[in-house]
Structures are given as structure tokens and as C-alpha cells.
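Report on the following structure.
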Amino acid sequence: MDPKYRITAGLIAMIGLAALGTQLGLRLARGMTFGAALWGMAGFFTIWTNLLMALTMLTIAVTGRRLPFGWMSMVTVSMIMVALVYHLLLAHLIFFTGLRWWVDQALHTILPALMLWFWLMETSRNPSREGQPLTWLVWPAAYAVYALTRGALTGRYPYPFLDPERLGLATVALNLGALLLAFAALAYALWFTGRRMPLRDQRASR
């Protein structure tokens with residue numbers, strides 16, 4: 001495998017882990033305990049998805065293997081949705097400055113852009129032999145169940161559009177349906193793009 005593939009993946013992984021570590025450090029600096037800081041971060045799709053992305057890239061960097069098209073596409077779709085939901089629905093709700101602004105931009109803008117670039121440049125293309133794009137919705141669907149369950153137990157929901165106590169169950173259900181449709185549309189867009197791009201040498205991933 002071309003060493004630049006592993007180096008690029010490693011650099012993206014390090015940026016992701018650095019952003020997540022800095023986010024944790026900022027919470028600790030506000031006087032939170034380590035457990036409370038981790039618990040607070042664990043409520044957000046952004047955190048889980050950036051962690052999944054960073055571990056995926058770290059795996060590539062360490063092993064030198066190309067991961068399956070379906071897995072890379074699922075991670076890429078999820079990262080793109082992190083950026084879209086944040087910038088369309090959430091960015092206007094709170095304003096960060098200084099280091100918090102940079103971390104926020106890294107998690108919601110820079111890393112999603114890097115993941116999409118990596119997918120376009122480096123991901124092995126063989127969508128005809130992978131699972132259907134709807135299977136890539138397992139990650140966001142699992143998070144939705146987790147977030148609603150966590151919110152019901154704690155009374156605190158990570159995102160305003162997921163809060164049934166304020167919006168009502170019907171509105172939250174509509175919001176989730178709209179988000180899953182957006183995920184599905186984006187998943188199919190990547191799947192069709194992959195079908196039309198040249199296949200890479202698959203021997204590196206065996």
C-alpha cells in the first residue's frame with residue numbers, strides 16, 4: 001500500500017483525537033469531574049461520530065488495510081450529516097470564542113470535509129459487492145434510540161429537535177423521520193457516486 005495512504009489516515013485520526021481530547025480538556029477546565037465531562041460529551045452524535053471516524057482512520061494507519069466501501073461510506077455519510085445538521089440547525093444557537101471555537105469548527109466542519117476528501121480520493125470502490133445504502137443508517141438509528149432513552153432517564157436531551165418534553169412526541173418523530181430521510185438520500189448519493197468512479201486495486205484490502 002502507498003505509504004501516503006496510511007500517513008494521511010493517521011494525520012486525520014490525530015486531528016480527530018486532538019479535537020476530542022481538547023473538548024474534554026475544556027470541560028475539565030470548567031470544573032467538571034472527569035466522569036461528568038465524559039458523560040456530558042457522550043450525549044452527542046457529533047462526539048460519537050468523530051470518535052468512530054478517528055478510530056477508523058487510526059485502524060487504517062496502523063494496519064495499512066483498506067476498509068470496505070460500505071464501512072467507509074457509512075462513516076463519511078455520518079460525518080457529512082454532522083456538518084449539515086450543525087450548520088443548518090444548531091450553529092446559530094450558541095457562539096463560541098477562542099479555543100472552543102476552533103474545536104467546534106474542527107468537529108463540525110474541518111473533519112467532515114477531510115473525511116469526504118479521503119472518501120473521494122482513497123476509498124476502495126466496489127459498491128455492487130457491498131450492503132445497500134440503507135444499512136448505513138444503522139449508526140444514526142442506534143444513536144437516536146440511545147439519545148431518546150438517555151433523555152427519558154435523565155430529563156436532558158442533547159439536541160433541541162429531539163426533546164419530546166418541549167416539542168411533543170409527534171414533532172420529535174417527524175424530526176427523526178426527516179433526518180433519516182436526509183441520511184438515506186445522502187447515502188444513495190455516495191453509493192451512486194461510488195458506482196461511477198474507477199475501482200481501486202482490491203488486493204490491498206484482502
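If you're wondering about the labels, chains in the C-alpha cells are A, B, ... by order shown, residues count from 1 in each chain, ligands from 1 in order shown.
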
Next on the checklist: Among range 19-80 of chain A, which residues does DSSP mark as helix (DSSP H, G or I) when it is run on the backbone? Keep the chain and numbering as in the structure and answer as number ranges by chain.
Outcome noted: A: 19-29, 34-41, 45-63, 69-80

I'd like a table as a tab-separated table: residues in range 18-82 of chain A with an atom no more than 9 Å from range 116-126 of chain A, each row giving the shortest atom pair and its distance in Å to one decimal, only C-alpha atoms counted, sorted by chain and rising residue number.
```
residue	atom	partner	partner_atom	distance
A:Arg66	CA	A:Ser124	CA	6.8
A:Leu67	CA	A:Ser124	CA	7.7
A:Pro68	CA	A:Ser124	CA	7.0
A:Phe69	CA	A:Ser124	CA	5.8
A:Gly70	CA	A:Asn126	CA	8.7
A:Met72	CA	A:Trp119	CA	7.0
A:Ser73	CA	A:Trp119	CA	7.3
A:Thr76	CA	A:Leu116	CA	5.9
A:Val77	CA	A:Leu116	CA	8.3
A:Met79	CA	A:Leu116	CA	8.1
A:Ile80	CA	A:Leu116	CA	7.4
```

Checklist entry - Which is closest to Trp139 in chain A among A:Met197, A:Leu17, A:Ala173, A:Leu52, if we use only C-alpha atoms? => result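 Smallest distance to Trp139 in chain A is found for A:Leu52.
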
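Candidate residues A:Ala141, A:Ala170, A:Met53, A:Ala182 were compared for distance to Met14 in chain A, and the nearest is A:Met53, using only C-alpha atoms.
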
Checklist entry - If we count only C-alpha atoms, what is near range 20-27 of chain A at a cut-off of 10 Å, once residues fewer than 2 positions away on the same chain are taken out, given as a ChimeraX atom specification? => result /A:14-18,29-34,36-38,40-41,47-48,50-51,54,99-100,102-104,106-107

Next, dump the selected residues to file, keeping only N, CA and C atoms, as an mmCIF file, in the first residue's frame.
```cif
data_model
loop_
_atom_site.group_PDB
_atom_site.id
_atom_site.type_symbol
_atom_site.label_atom_id
_atom_site.label_comp_id
_atom_site.auth_asym_id
_atom_site.auth_seq_id
_atom_site.Cartn_x
_atom_site.Cartn_y
_atom_site.Cartn_z
ATOM 1 N N MET A 14 -5.276 11.740 14.070
ATOM 2 C CA MET A 14 -4.673 12.556 15.122
ATOM 3 C C MET A 14 -5.422 13.882 15.295
ATOM 4 N N ILE A 15 -5.860 14.472 14.192
ATOM 5 C CA ILE A 15 -6.648 15.712 14.296
ATOM 6 C C ILE A 15 -7.947 15.439 15.051
ATOM 7 N N GLY A 16 -8.597 14.321 14.711
ATOM 8 C CA GLY A 16 -9.843 13.972 15.380
ATOM 9 C C GLY A 16 -9.653 13.723 16.864
ATOM 10 N N LEU A 17 -8.647 12.940 17.204
ATOM 11 C CA LEU A 17 -8.401 12.640 18.615
ATOM 12 C C LEU A 17 -7.967 13.887 19.379
ATOM 13 N N ALA A 18 -7.192 14.759 18.717
ATOM 14 C CA ALA A 18 -6.776 16.002 19.366
ATOM 15 C C ALA A 18 -7.978 16.901 19.640
ATOM 16 N N ALA A 29 -11.582 22.004 32.458
ATOM 17 C CA ALA A 29 -11.147 23.338 32.883
ATOM 18 C C ALA A 29 -12.292 24.151 33.467
ATOM 19 N N ARG A 30 -13.537 23.765 33.146
ATOM 20 C CA ARG A 30 -14.686 24.475 33.708
ATOM 21 C C ARG A 30 -15.088 23.910 35.066
ATOM 22 N N GLY A 31 -14.297 22.966 35.583
ATOM 23 C CA GLY A 31 -14.541 22.440 36.910
ATOM 24 C C GLY A 31 -15.294 21.125 36.957
ATOM 25 N N MET A 32 -15.564 20.521 35.788
ATOM 26 C CA MET A 32 -16.249 19.233 35.768
ATOM 27 C C MET A 32 -15.307 18.129 36.235
ATOM 28 N N THR A 33 -15.865 17.104 36.827
ATOM 29 C CA THR A 33 -15.076 15.914 37.100
ATOM 30 C C THR A 33 -14.852 15.174 35.783
ATOM 31 N N PHE A 34 -13.872 14.269 35.784
ATOM 32 C CA PHE A 34 -13.565 13.523 34.566
ATOM 33 C C PHE A 34 -14.780 12.716 34.107
ATOM 34 N N ALA A 36 -18.000 13.246 34.803
ATOM 35 C CA ALA A 36 -19.080 14.121 34.351
ATOM 36 C C ALA A 36 -18.783 14.689 32.971
ATOM 37 N N ALA A 37 -17.507 15.007 32.721
ATOM 38 C CA ALA A 37 -17.130 15.540 31.413
ATOM 39 C C ALA A 37 -17.342 14.493 30.317
ATOM 40 N N LEU A 38 -16.918 13.266 30.575
ATOM 41 C CA LEU A 38 -17.114 12.195 29.596
ATOM 42 C C LEU A 38 -18.600 11.921 29.373
ATOM 43 N N GLY A 40 -21.109 13.948 29.757
ATOM 44 C CA GLY A 40 -21.701 15.035 29.002
ATOM 45 C C GLY A 40 -21.373 14.943 27.521
ATOM 46 N N MET A 41 -20.127 14.654 27.197
ATOM 47 C CA MET A 41 -19.730 14.526 25.794
ATOM 48 C C MET A 41 -20.419 13.343 25.115
ATOM 49 N N ILE A 47 -19.868 13.806 18.865
ATOM 50 C CA ILE A 47 -18.743 13.198 19.576
ATOM 51 C C ILE A 47 -18.582 11.739 19.174
ATOM 52 N N TRP A 48 -19.671 10.983 19.207
ATOM 53 C CA TRP A 48 -19.598 9.567 18.855
ATOM 54 C C TRP A 48 -19.116 9.367 17.421
ATOM 55 N N ASN A 50 -17.368 11.513 15.451
ATOM 56 C CA ASN A 50 -15.961 11.880 15.293
ATOM 57 C C ASN A 50 -15.041 10.831 15.908
ATOM 58 N N LEU A 51 -15.461 10.232 17.021
ATOM 59 C CA LEU A 51 -14.666 9.154 17.615
ATOM 60 C C LEU A 51 -14.622 7.947 16.689
ATOM 61 N N ALA A 54 -12.260 8.796 13.882
ATOM 62 C CA ALA A 54 -10.865 8.787 14.298
ATOM 63 C C ALA A 54 -10.347 7.355 14.480
ATOM 64 N N LEU A 99 -10.378 29.024 21.843
ATOM 65 C CA LEU A 99 -10.102 27.610 21.591
ATOM 66 C C LEU A 99 -11.385 26.806 21.394
ATOM 67 N N ARG A 100 -12.434 27.175 22.111
ATOM 68 C CA ARG A 100 -13.710 26.465 21.957
ATOM 69 C C ARG A 100 -14.237 26.602 20.539
ATOM 70 N N TRP A 102 -12.380 26.991 17.795
ATOM 71 C CA TRP A 102 -11.557 26.147 16.928
ATOM 72 C C TRP A 102 -11.931 24.676 17.063
ATOM 73 N N VAL A 103 -12.162 24.223 18.284
ATOM 74 C CA VAL A 103 -12.563 22.830 18.483
ATOM 75 C C VAL A 103 -13.917 22.569 17.834
ATOM 76 N N ASP A 104 -14.836 23.500 18.007
ATOM 77 C CA ASP A 104 -16.158 23.375 17.410
ATOM 78 C C ASP A 104 -16.067 23.272 15.896
ATOM 79 N N ALA A 106 -13.431 22.304 14.172
ATOM 80 C CA ALA A 106 -12.751 21.054 13.816
ATOM 81 C C ALA A 106 -13.737 19.895 13.767
ATOM 82 N N LEU A 107 -14.577 19.782 14.789
ATOM 83 C CA LEU A 107 -15.509 18.656 14.886
ATOM 84 C C LEU A 107 -16.650 18.749 13.870
#
```

Checklist entry - Residues at most 12 Å from Arg156 in chain A, counting only C-alpha atoms, excluding those fewer than 4 positions away in the same chain, as a list of chain:residue names? => result A:Gly40, A:Gly43, A:Phe44, A:Ala147, A:Leu148, A:Thr149, A:Arg150, A:Gly151, A:Ala152, A:Pro160, A:Leu162, A:Asp163, A:Pro164, A:Glu165, A:Arg166

Checklist entry - Within 12 Å of Phe192 in chain A, counting only C-alpha atoms, which residues qualify if same-chain residues fewer than 3 places away don't, as an MDAnalysis selection string? => result chainID A and resid 73 125:128 132:133 185:189 195:197

Next on the checklist: Could you tell me how far CA of Leu176 in chain A sits from CA of Ala144 in chain A, in Å to one decimal place?
Outcome noted: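 Calculated distance between CA of Ala144 in chain A and CA of Leu176 in chain A is 7.8 Å.
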
Item to check | Distance in Å - CA of Tyr86 in chain A versus CA of Leu179 in chain A | outcome: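 Value for the CA of Tyr86 in chain A-CA of Leu179 in chain A distance: 12.3 Å.
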
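Across the structure, CA of Thr49 in chain A and CA of Ala13 in chain A are spaced 12.4 Å apart.
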